[in-house]
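Participant: Got a structure for you, input.txt, holding compact mmCIF, C-alpha atoms.
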```
# COMPACT_ATOMS: atom_id res chain seq x y z
CA MET A 1 -1.84 16.18 -83.02
CA ARG A 2 -2.24 17.09 -79.35
CA ARG A 3 -4.25 13.91 -78.79
CA LEU A 4 -1.52 11.76 -80.37
CA LEU A 5 1.19 13.42 -78.30
CA GLU A 6 -0.62 13.04 -75.02
CA SER A 7 -1.72 9.49 -75.79
CA ALA A 8 1.89 8.44 -76.42
CA ILE A 9 3.00 9.93 -73.11
CA ALA A 10 0.09 8.36 -71.19
CA LYS A 11 1.09 4.88 -72.42
CA ARG A 12 4.51 5.31 -70.83
CA SER A 13 3.36 6.54 -67.43
CA PRO A 14 4.01 3.13 -65.76
CA ILE A 15 7.71 3.41 -66.67
CA LEU A 16 8.15 6.74 -64.89
CA THR A 17 8.65 5.94 -61.22
CA GLY A 18 10.58 7.26 -58.27
CA ASP A 19 13.50 5.09 -59.39
CA THR A 20 13.36 5.96 -63.11
CA ASN A 21 12.76 9.49 -64.38
CA ALA A 22 14.47 9.36 -67.79
CA ILE A 23 12.57 7.73 -70.67
CA ARG A 24 11.51 8.24 -74.27
CA LEU A 25 8.07 9.84 -74.20
CA ILE A 26 7.38 9.86 -77.96
CA ASP A 27 9.11 7.60 -80.49
CA ALA A 28 8.36 9.00 -83.93
CA ALA A 29 6.43 6.69 -86.29
CA GLY A 30 6.07 4.13 -83.52
CA ASP A 31 3.60 6.53 -81.95
CA GLY A 32 2.13 7.78 -85.21
CA ILE A 33 4.23 10.98 -85.21
CA PRO A 34 6.96 10.56 -87.87
CA ASN A 35 10.30 12.30 -87.49
CA LEU A 36 9.71 13.49 -83.92
CA ILE A 37 11.23 12.09 -80.74
CA LEU A 38 10.63 13.45 -77.26
CA GLU A 39 12.65 12.35 -74.25
CA SER A 40 12.35 13.31 -70.62
CA PHE A 41 15.41 13.66 -68.39
CA ALA A 42 14.20 14.21 -64.82
CA GLY A 43 11.48 16.55 -66.06
CA ARG A 44 13.71 18.35 -68.57
CA GLU A 45 12.74 17.55 -72.13
CA LEU A 46 14.66 17.01 -75.35
CA VAL A 47 12.81 17.02 -78.66
CA SER A 48 14.71 15.59 -81.62
CA THR A 49 13.73 15.94 -85.28
CA THR A 50 15.23 15.09 -88.65
CA ALA A 51 14.12 18.50 -89.95
CA GLY A 52 15.50 21.84 -88.87
CA THR A 53 12.14 23.02 -87.62
CA ILE A 54 9.37 21.65 -85.41
CA PRO A 55 5.70 21.90 -86.43
CA ARG A 56 4.13 25.00 -84.88
CA ASP A 57 1.40 23.07 -83.07
CA VAL A 58 4.03 20.85 -81.45
CA VAL A 59 6.05 23.89 -80.34
CA ASP A 60 2.92 25.46 -78.82
CA TRP A 61 2.15 22.21 -77.00
CA LEU A 62 5.70 21.94 -75.63
CA ARG A 63 5.62 25.53 -74.41
CA GLN A 64 2.33 24.95 -72.67
CA ARG A 65 3.87 22.04 -70.76
CA GLY A 66 6.18 24.58 -69.10
CA ASN A 67 9.18 22.26 -68.82
CA SER A 68 12.73 23.14 -69.73
CA CYS A 69 12.86 21.97 -73.36
CA TYR A 70 15.72 21.75 -75.85
CA HIS A 71 15.71 20.90 -79.55
CA LYS A 72 18.24 18.67 -81.29
CA ARG A 73 18.42 18.18 -85.03
CA LEU A 74 19.25 14.57 -85.91
CA ASP A 75 22.12 14.98 -88.35
CA GLN A 76 25.09 12.60 -88.36
CA HIS A 77 27.14 15.03 -90.45
CA GLN A 78 26.64 18.15 -88.32
CA LYS A 79 26.46 16.97 -84.74
CA GLN A 80 25.52 19.98 -82.67
CA SER A 81 24.43 20.50 -79.09
CA PRO A 82 20.69 20.95 -78.52
CA ALA A 83 19.34 24.50 -78.63
CA HIS A 84 17.03 25.97 -75.99
CA LEU A 85 13.42 25.92 -77.19
CA SER A 86 11.14 26.79 -74.29
CA GLY A 87 10.76 26.88 -70.52
CA PRO A 88 13.60 27.53 -68.07
CA GLU A 89 17.11 27.20 -69.47
CA THR A 90 19.21 24.25 -68.27
CA THR A 91 22.78 25.52 -68.31
CA GLU A 92 24.46 23.14 -65.86
CA PRO A 93 24.80 19.34 -65.71
CA PHE A 94 22.11 17.61 -63.67
CA LEU A 95 21.26 14.12 -62.44
CA ILE A 96 18.67 11.65 -63.67
CA ARG A 97 17.69 8.35 -62.06
CA GLU A 98 17.42 5.03 -63.83
CA ASN A 99 16.41 1.99 -61.79
CA GLY A 100 17.66 3.77 -58.69
CA ILE A 101 21.05 4.74 -60.17
CA ASN A 102 22.12 8.36 -60.67
CA TYR A 103 23.65 9.49 -63.96
CA GLU A 104 24.94 12.92 -64.93
CA ILE A 105 23.32 14.57 -67.96
CA SER A 106 24.29 17.72 -69.86
CA PHE A 107 22.49 19.57 -72.64
CA GLN A 108 25.72 21.46 -73.36
CA SER A 109 27.96 18.42 -73.92
CA GLY A 110 27.52 18.11 -77.67
CA TYR A 111 25.39 15.78 -79.78
CA SER A 112 24.88 13.20 -77.01
CA GLN A 113 23.69 14.09 -73.52
CA GLY A 114 25.54 11.53 -71.39
CA ILE A 115 23.43 8.39 -71.60
CA PHE A 116 21.72 6.23 -74.24
CA LEU A 117 18.23 5.51 -72.99
CA ASP A 118 17.78 2.56 -75.35
CA GLN A 119 20.25 0.57 -73.23
CA ARG A 120 18.22 0.91 -70.00
CA ASP A 121 17.05 -2.73 -69.89
CA ASN A 122 20.53 -4.03 -70.75
CA ARG A 123 22.02 -2.00 -67.90
CA ALA A 124 19.43 -3.45 -65.55
CA GLU A 125 20.32 -6.98 -66.72
CA ILE A 126 24.04 -6.33 -66.24
CA ARG A 127 23.31 -5.17 -62.71
CA ARG A 128 21.20 -8.29 -62.06
CA ARG A 129 23.94 -10.63 -63.27
CA MET A 130 26.86 -9.03 -61.44
CA HIS A 131 27.79 -9.41 -57.78
CA PRO A 132 30.84 -8.99 -55.51
CA GLY A 133 33.85 -10.93 -56.75
CA LEU A 134 32.97 -10.61 -60.46
CA ARG A 135 34.86 -8.37 -62.91
CA LEU A 136 33.31 -6.40 -65.75
CA LEU A 137 35.09 -4.85 -68.73
CA ASN A 138 33.15 -2.02 -70.37
CA THR A 139 34.62 -1.11 -73.77
CA PHE A 140 33.71 1.93 -75.90
CA ALA A 141 32.29 3.00 -72.56
CA TYR A 142 31.27 6.63 -73.24
CA THR A 143 30.25 7.92 -69.76
CA GLY A 144 30.45 4.49 -68.17
CA ALA A 145 26.80 3.76 -67.46
CA PHE A 146 27.30 -0.02 -67.72
CA SER A 147 30.26 0.23 -65.36
CA VAL A 148 28.24 2.11 -62.77
CA ALA A 149 25.37 -0.40 -63.03
CA ALA A 150 27.77 -3.29 -62.42
CA ALA A 151 29.57 -1.49 -59.60
CA THR A 152 26.33 -0.85 -57.73
CA ALA A 153 25.96 -4.65 -57.61
CA GLY A 154 29.39 -4.95 -56.04
CA ALA A 155 31.41 -5.92 -59.12
CA GLU A 156 34.90 -4.67 -59.89
CA THR A 157 34.86 -2.73 -63.19
CA THR A 158 37.32 -1.68 -65.86
CA THR A 159 36.14 1.19 -68.06
CA LEU A 160 37.76 1.70 -71.45
CA ASP A 161 37.32 4.67 -73.78
CA LEU A 162 39.38 6.82 -76.16
CA SER A 163 38.27 10.06 -74.49
CA GLN A 164 39.70 11.28 -71.20
CA PRO A 165 36.76 13.71 -70.69
CA TYR A 166 34.36 10.75 -70.91
CA LEU A 167 36.46 8.75 -68.45
CA ASP A 168 36.32 11.74 -66.09
CA TRP A 169 32.55 11.85 -66.58
CA THR A 170 32.43 8.15 -65.72
CA LYS A 171 34.26 8.81 -62.46
CA ARG A 172 31.73 11.51 -61.59
CA ASN A 173 28.93 9.00 -62.25
CA PHE A 174 30.59 6.67 -59.76
CA SER A 175 30.76 9.46 -57.20
CA HIS A 176 27.10 10.39 -57.79
CA ASN A 177 26.26 6.90 -56.48
CA ASN A 178 28.59 6.93 -53.49
CA LEU A 179 31.01 4.61 -55.28
CA ASP A 180 34.73 5.30 -54.97
CA PRO A 181 36.35 5.49 -58.44
CA ALA A 182 39.63 4.44 -56.79
CA ASP A 183 38.15 0.97 -56.30
CA HIS A 184 37.84 0.54 -60.09
CA HIS A 185 40.02 0.76 -63.20
CA PHE A 186 39.96 3.26 -66.07
CA CYS A 187 41.86 2.81 -69.34
CA LYS A 188 42.25 5.44 -72.04
CA GLY A 189 42.88 4.23 -75.56
CA ASP A 190 41.86 1.95 -78.40
CA THR A 191 39.76 -1.09 -77.49
CA PHE A 192 41.61 -3.45 -79.86
CA HIS A 193 44.93 -2.39 -78.36
CA TRP A 194 43.76 -2.92 -74.79
CA LEU A 195 42.14 -6.29 -75.49
CA LYS A 196 45.42 -7.55 -76.97
CA ARG A 197 47.29 -6.15 -73.98
CA PHE A 198 44.92 -7.85 -71.52
CA ALA A 199 45.39 -11.13 -73.41
CA LYS A 200 49.18 -10.89 -73.10
CA GLN A 201 48.78 -10.16 -69.39
CA ARG A 202 46.43 -13.16 -69.10
CA ARG A 203 43.92 -10.86 -67.48
CA THR A 204 40.34 -12.10 -67.74
CA PHE A 205 36.87 -10.73 -67.05
CA ASP A 206 33.58 -12.35 -66.08
CA ALA A 207 31.56 -9.98 -68.26
CA ILE A 208 32.49 -7.84 -71.25
CA VAL A 209 30.32 -5.16 -72.87
CA LEU A 210 30.94 -4.40 -76.55
CA ASP A 211 29.00 -1.45 -77.97
CA PRO A 212 31.28 0.07 -80.63
CA PRO A 213 30.47 2.92 -83.01
CA THR A 214 29.18 1.89 -86.42
CA PHE A 215 32.29 3.33 -88.06
CA SER A 216 35.58 4.53 -86.61
CA ARG A 217 39.20 5.14 -87.59
CA ASP A 218 42.08 4.85 -85.14
CA GLU A 219 45.19 7.03 -84.91
CA LYS A 220 47.00 4.75 -87.37
CA GLY A 221 44.24 5.05 -89.95
CA ARG A 222 42.80 1.57 -89.42
CA VAL A 223 39.07 1.48 -90.09
CA PHE A 224 36.42 -0.36 -88.09
CA ARG A 225 33.04 -1.11 -89.66
CA VAL A 226 30.36 -3.01 -87.76
CA GLU A 227 29.27 -5.00 -90.80
CA LYS A 228 32.84 -6.20 -91.52
CA HIS A 229 34.85 -6.24 -88.33
CA TYR A 230 32.53 -6.93 -85.39
CA GLY A 231 33.40 -10.63 -85.47
CA ASP A 232 37.09 -9.82 -85.04
CA LEU A 233 36.25 -7.59 -82.09
CA ALA A 234 34.10 -10.27 -80.43
CA ALA A 235 36.76 -12.94 -80.94
CA LEU A 236 39.38 -10.72 -79.34
CA ALA A 237 37.08 -10.05 -76.40
CA ALA A 238 36.37 -13.77 -76.01
CA SER A 239 40.12 -14.35 -75.59
CA VAL A 240 40.02 -12.45 -72.27
CA LEU A 241 36.68 -13.83 -71.09
CA ALA A 242 36.66 -16.07 -68.00
CA PRO A 243 35.43 -19.66 -68.62
CA ASP A 244 31.96 -19.03 -67.16
CA GLY A 245 31.71 -15.43 -68.35
CA PHE A 246 29.46 -13.72 -70.87
CA LEU A 247 29.65 -11.10 -73.62
CA LEU A 248 27.05 -8.43 -74.34
CA CYS A 249 27.42 -7.44 -78.01
CA CYS A 250 25.40 -4.44 -79.19
CA THR A 251 25.06 -2.37 -82.32
CA ASN A 252 22.64 0.28 -83.54
CA PHE A 253 23.68 -0.24 -87.17
CA ARG A 254 20.36 -0.40 -89.00
CA ARG A 255 21.55 -2.19 -92.14
CA ILE A 256 22.30 -5.47 -90.42
CA SER A 257 19.62 -7.88 -89.21
CA PRO A 258 19.76 -9.65 -85.84
CA ARG A 259 20.35 -12.94 -87.67
CA GLU A 260 23.24 -11.49 -89.69
CA PHE A 261 24.70 -9.89 -86.58
CA GLU A 262 24.57 -13.18 -84.70
CA HIS A 263 26.08 -15.15 -87.59
CA GLN A 264 28.99 -12.75 -88.00
CA ILE A 265 29.90 -13.01 -84.32
CA LEU A 266 29.36 -16.75 -83.78
CA SER A 267 31.36 -17.66 -86.88
CA ALA A 268 34.34 -15.68 -85.57
CA LEU A 269 34.40 -16.97 -81.99
CA PRO A 270 37.14 -19.45 -81.03
CA ARG A 271 34.72 -21.56 -78.97
CA PRO A 272 30.97 -22.23 -79.10
CA MET A 273 28.80 -19.83 -77.12
CA LYS A 274 25.06 -19.78 -76.56
CA PRO A 275 23.35 -16.68 -78.05
CA THR A 276 20.32 -14.88 -76.64
CA HIS A 277 18.77 -11.72 -78.09
CA SER A 278 17.10 -9.07 -75.93
CA PRO A 279 14.49 -6.56 -77.16
CA MET A 280 14.55 -2.81 -76.84
CA PRO A 281 12.81 -1.10 -73.88
CA ALA A 282 9.03 -0.73 -74.02
CA ASP A 283 9.18 3.04 -74.61
CA PHE A 284 11.02 2.49 -77.91
CA THR A 285 8.11 1.70 -80.21
CA ASP A 286 9.57 2.64 -83.60
CA THR A 287 11.93 0.44 -85.66
CA PRO A 288 13.91 -1.87 -83.32
CA TYR A 289 17.31 -0.70 -84.54
CA LEU A 290 19.34 -1.78 -81.49
CA LYS A 291 20.63 -5.35 -81.67
CA SER A 292 21.65 -6.81 -78.30
CA LEU A 293 23.22 -10.27 -78.29
CA TRP A 294 24.16 -12.01 -75.05
CA LEU A 295 26.72 -14.79 -75.44
CA HIS A 296 27.26 -17.34 -72.67
```
What does the file become when written as structure tokens?

Facilitator:
Amino acid sequence: MRRLLESAIAKRSPILTGDTNAIRLIDAAGDGIPNLILESFAGRELVSTTAGTIPRDVVDWLRQRGNSCYHKRLDQHQKQSPAHLSGPETTEPFLIRENGINYEISFQSGYSQGIFLDQRDNRAEIRRRMHPGLRLLNTFAYTGAFSVAAATAGAETTTLDLSQPYLDWTKRNFSHNNLDPADHHFCKGDTFHWLKRFAKQRRTFDAIVLDPPTFSRDEKGRVFRVEKHYGDLAALAASVLAPDGFLLCCTNFRRISPREFEHQILSALPRPMKPTHSPMPADFTDTPYLKSLWLH
């Protein structure tokens, strides 16, 4: 087991650089270690398992590494914060770096720690495509990582999320990169509502990021399911997209194939758009669950 663990980490050493210190070190069956994920956040480690316990030899190995390590049980029904496992405790938020950008992370924030590492390459591509004078709309934004990536390239951003605490977290991420949140826009509320409002205002964006939850229910009881309603969402977003703009449509819903995902979206769009799929980052070696569709 020790050899498998260390081999998986060694393969990823080229990804860890002075500009990027948050990656997935071990990706379950993709590295021959089913049901175990290990991620590094600036030297602090998070081990995630589908079971309530971790094999004893893995625990011993983690303790010998000496890093601050927390354990999270992967359970969509009981989403709990990670529990301290070994090494120094990490009780305060801290910063990680991804492609030279700072993001705030917390092991006490609940089930998610402030960033989704599987979107690293997409954030880098957003940053590459944006420049001063362009406008990005980041929906279902969580802690605004896409917004920060675009803003570091000089773009004007609008960040949209239902949660005020996450919008506040987004503003801190701006500040961690010497970006003034006052130069950008933050909207609290339902994405469908805001897209309709932007359309009435004839407000358009050069880039729109759509990464909704697999399932959600709004305050009026209306249900959103990726497999049924993503096309409606994409069509609404396309109505506020500038003529030369692009959409990034993502989902981590495992029971839809990339081909089905593409067909659902393209068949709902009011005008033809050219689709391009992007793969997951190289440190994600297990099942490629994340679908990322760029539409131009």

Participant: May I have the residues within 8 Å of region 78-87 of chain A as a VMD selection string, using only C-alpha atoms and disregarding those fewer than 5 positions away in the same chain?

Facilitator: chain A and resid 46 62 to 63 66 to 73 107 to 112

Participant: If you measure from CA of Arg197 (chain A) to CA of Pro132 (chain A), what distance in Å do you get, rounded to one decimal?

Facilitator: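 According to the coordinates, CA of Arg197 (chain A) and CA of Pro132 (chain A) are separated by 24.9 Å.
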
Participant: In terms of the shortest atom-to-atom distance over all atoms listed in the file, which of A:Leu236, A:Leu137, A:Ala282, A:Leu293 is closest to Gly30 (chain A)?

Facilitator: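 Ranked by minimum distance to Gly30 (chain A), first place goes to A:Ala282.
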
Participant: Between region 215-284 of chain A and region 114-120 of chain A, at 8 Å or less, what are the per-residue closest atom pairs and their distances in Å? Count only C-alpha atoms, order by chain and rising residue number, and return it as CSV.

Facilitator:
```
residue,atom,partner,partner_atom,distance
A:Met280,CA,A:Asp118,CA,6.4
A:Pro281,CA,A:Asp118,CA,6.3
A:Phe284,CA,A:Asp118,CA,7.2
```

Participant: Keeping only C-alpha atoms, write the selected residues to a file as a PDB file, keeping the file's coordinate frame.

Facilitator:
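Result file result_10.pdb:
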```pdb
ATOM      1  CA  MET A 280      14.550  -2.810 -76.840  1.00  0.00           C
ATOM      2  CA  PRO A 281      12.810  -1.100 -73.880  1.00  0.00           C
ATOM      3  CA  PHE A 284      11.020   2.490 -77.910  1.00  0.00           C
TER       4      PHE A 284
END
```

Participant: Which polymer residues, protein or nucleic acid, are no farther than 10 Å from (34.1, -4.6, -54.1), counting only C-alpha atoms, as a ChimeraX atom specification?

Facilitator: /A:131-135,151-157,179-180,183-184

Participant: Figure out the distance between CA of Asp27 (chain A) and CA of Arg3 (chain A), please, to one decimal in Å.

Facilitator: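 The value is 14.9 Å.
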
Participant: Please compute the CA of Arg217 (chain A)-CA of Ala235 (chain A) distance, one decimal, in Å.

Facilitator: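 Between CA of Arg217 (chain A) and CA of Ala235 (chain A) the gap works out to 19.4 Å.
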
Participant: Write out as a PDB file with C-alpha atoms, keeping the file's coordinate frame each polymer residue whose atoms come within 6 Å of Val209 (chain A), counting only C-alpha atoms; drop sequence neighbours fewer than 4 positions from it.

Facilitator:
```pdb
ATOM      1  CA  ASN A 138      33.150  -2.020 -70.370  1.00  0.00           C
ATOM      2  CA  THR A 139      34.620  -1.110 -73.770  1.00  0.00           C
ATOM      3  CA  LEU A 248      27.050  -8.430 -74.340  1.00  0.00           C
TER       4      LEU A 248
END
```

Participant: Counting only C-alpha atoms, I want the residues whose atoms come within 10 Å of (9.4, 11.2, -74.0) in the file frame, returned as a PyMOL selection string.

Facilitator: chain A and resi 5+8-9+12+22-27+37-41+43-47+283-284

Participant: Please write the residues from the selection above to a file, keeping C-alpha atoms, as a PDB file, in the frame of the given file.

Facilitator:
```
ATOM      1  CA  LEU A   5       1.190  13.420 -78.300  1.00  0.00           C
ATOM      2  CA  ALA A   8       1.890   8.440 -76.420  1.00  0.00           C
ATOM      3  CA  ILE A   9       3.000   9.930 -73.110  1.00  0.00           C
ATOM      4  CA  ARG A  12       4.510   5.310 -70.830  1.00  0.00           C
ATOM      5  CA  ALA A  22      14.470   9.360 -67.790  1.00  0.00           C
ATOM      6  CA  ILE A  23      12.570   7.730 -70.670  1.00  0.00           C
ATOM      7  CA  ARG A  24      11.510   8.240 -74.270  1.00  0.00           C
ATOM      8  CA  LEU A  25       8.070   9.840 -74.200  1.00  0.00           C
ATOM      9  CA  ILE A  26       7.380   9.860 -77.960  1.00  0.00           C
ATOM     10  CA  ASP A  27       9.110   7.600 -80.490  1.00  0.00           C
ATOM     11  CA  ILE A  37      11.230  12.090 -80.740  1.00  0.00           C
ATOM     12  CA  LEU A  38      10.630  13.450 -77.260  1.00  0.00           C
ATOM     13  CA  GLU A  39      12.650  12.350 -74.250  1.00  0.00           C
ATOM     14  CA  SER A  40      12.350  13.310 -70.620  1.00  0.00           C
ATOM     15  CA  PHE A  41      15.410  13.660 -68.390  1.00  0.00           C
ATOM     16  CA  GLY A  43      11.480  16.550 -66.060  1.00  0.00           C
ATOM     17  CA  ARG A  44      13.710  18.350 -68.570  1.00  0.00           C
ATOM     18  CA  GLU A  45      12.740  17.550 -72.130  1.00  0.00           C
ATOM     19  CA  LEU A  46      14.660  17.010 -75.350  1.00  0.00           C
ATOM     20  CA  VAL A  47      12.810  17.020 -78.660  1.00  0.00           C
ATOM     21  CA  ASP A 283       9.180   3.040 -74.610  1.00  0.00           C
ATOM     22  CA  PHE A 284      11.020   2.490 -77.910  1.00  0.00           C
TER      23      PHE A 284
END
```

Participant: Let me make sure I understand: among A:Ser216, A:Phe140, A:Tyr166, A:Ala207, which one has the smallest atom-to-atom distance to Trp194 (chain A) if we use all atoms listed in the file?

Facilitator: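 Selected residue with least distance to Trp194 (chain A): A:Phe140.
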
Participant: Which is closer to Gly144 (chain A) than all the others in A:Asp218, A:Asp206, A:Asp121, A:Glu104, using only C-alpha atoms?

Facilitator: A:Glu104

Participant: List the spatial neighbours of Ile256 (chain A) as a ChimeraX atom specification - criterion: any atom at most 9 Å away, only C-alpha atoms, same-chain residues fewer than 3 positions off excluded.

Facilitator: /A:226-227,252-253,259-261,291

Participant: Could you pull the residues within 8 Å of Tyr103 (chain A), counting only C-alpha atoms, minus those fewer than 6 positions along the same chain, as an MDAnalysis selection string?

Facilitator: chainID A and resid 95:97 114:115 145 173 176

Participant: Considering all atoms listed in the file, state which residue in the set A:Ser292, A:Thr285, A:Ser239, A:Thr90 is at the smallest distance from Pro258 (chain A).

Facilitator: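 Counting all atoms listed in the file, the residue closest to Pro258 (chain A) is A:Ser292.
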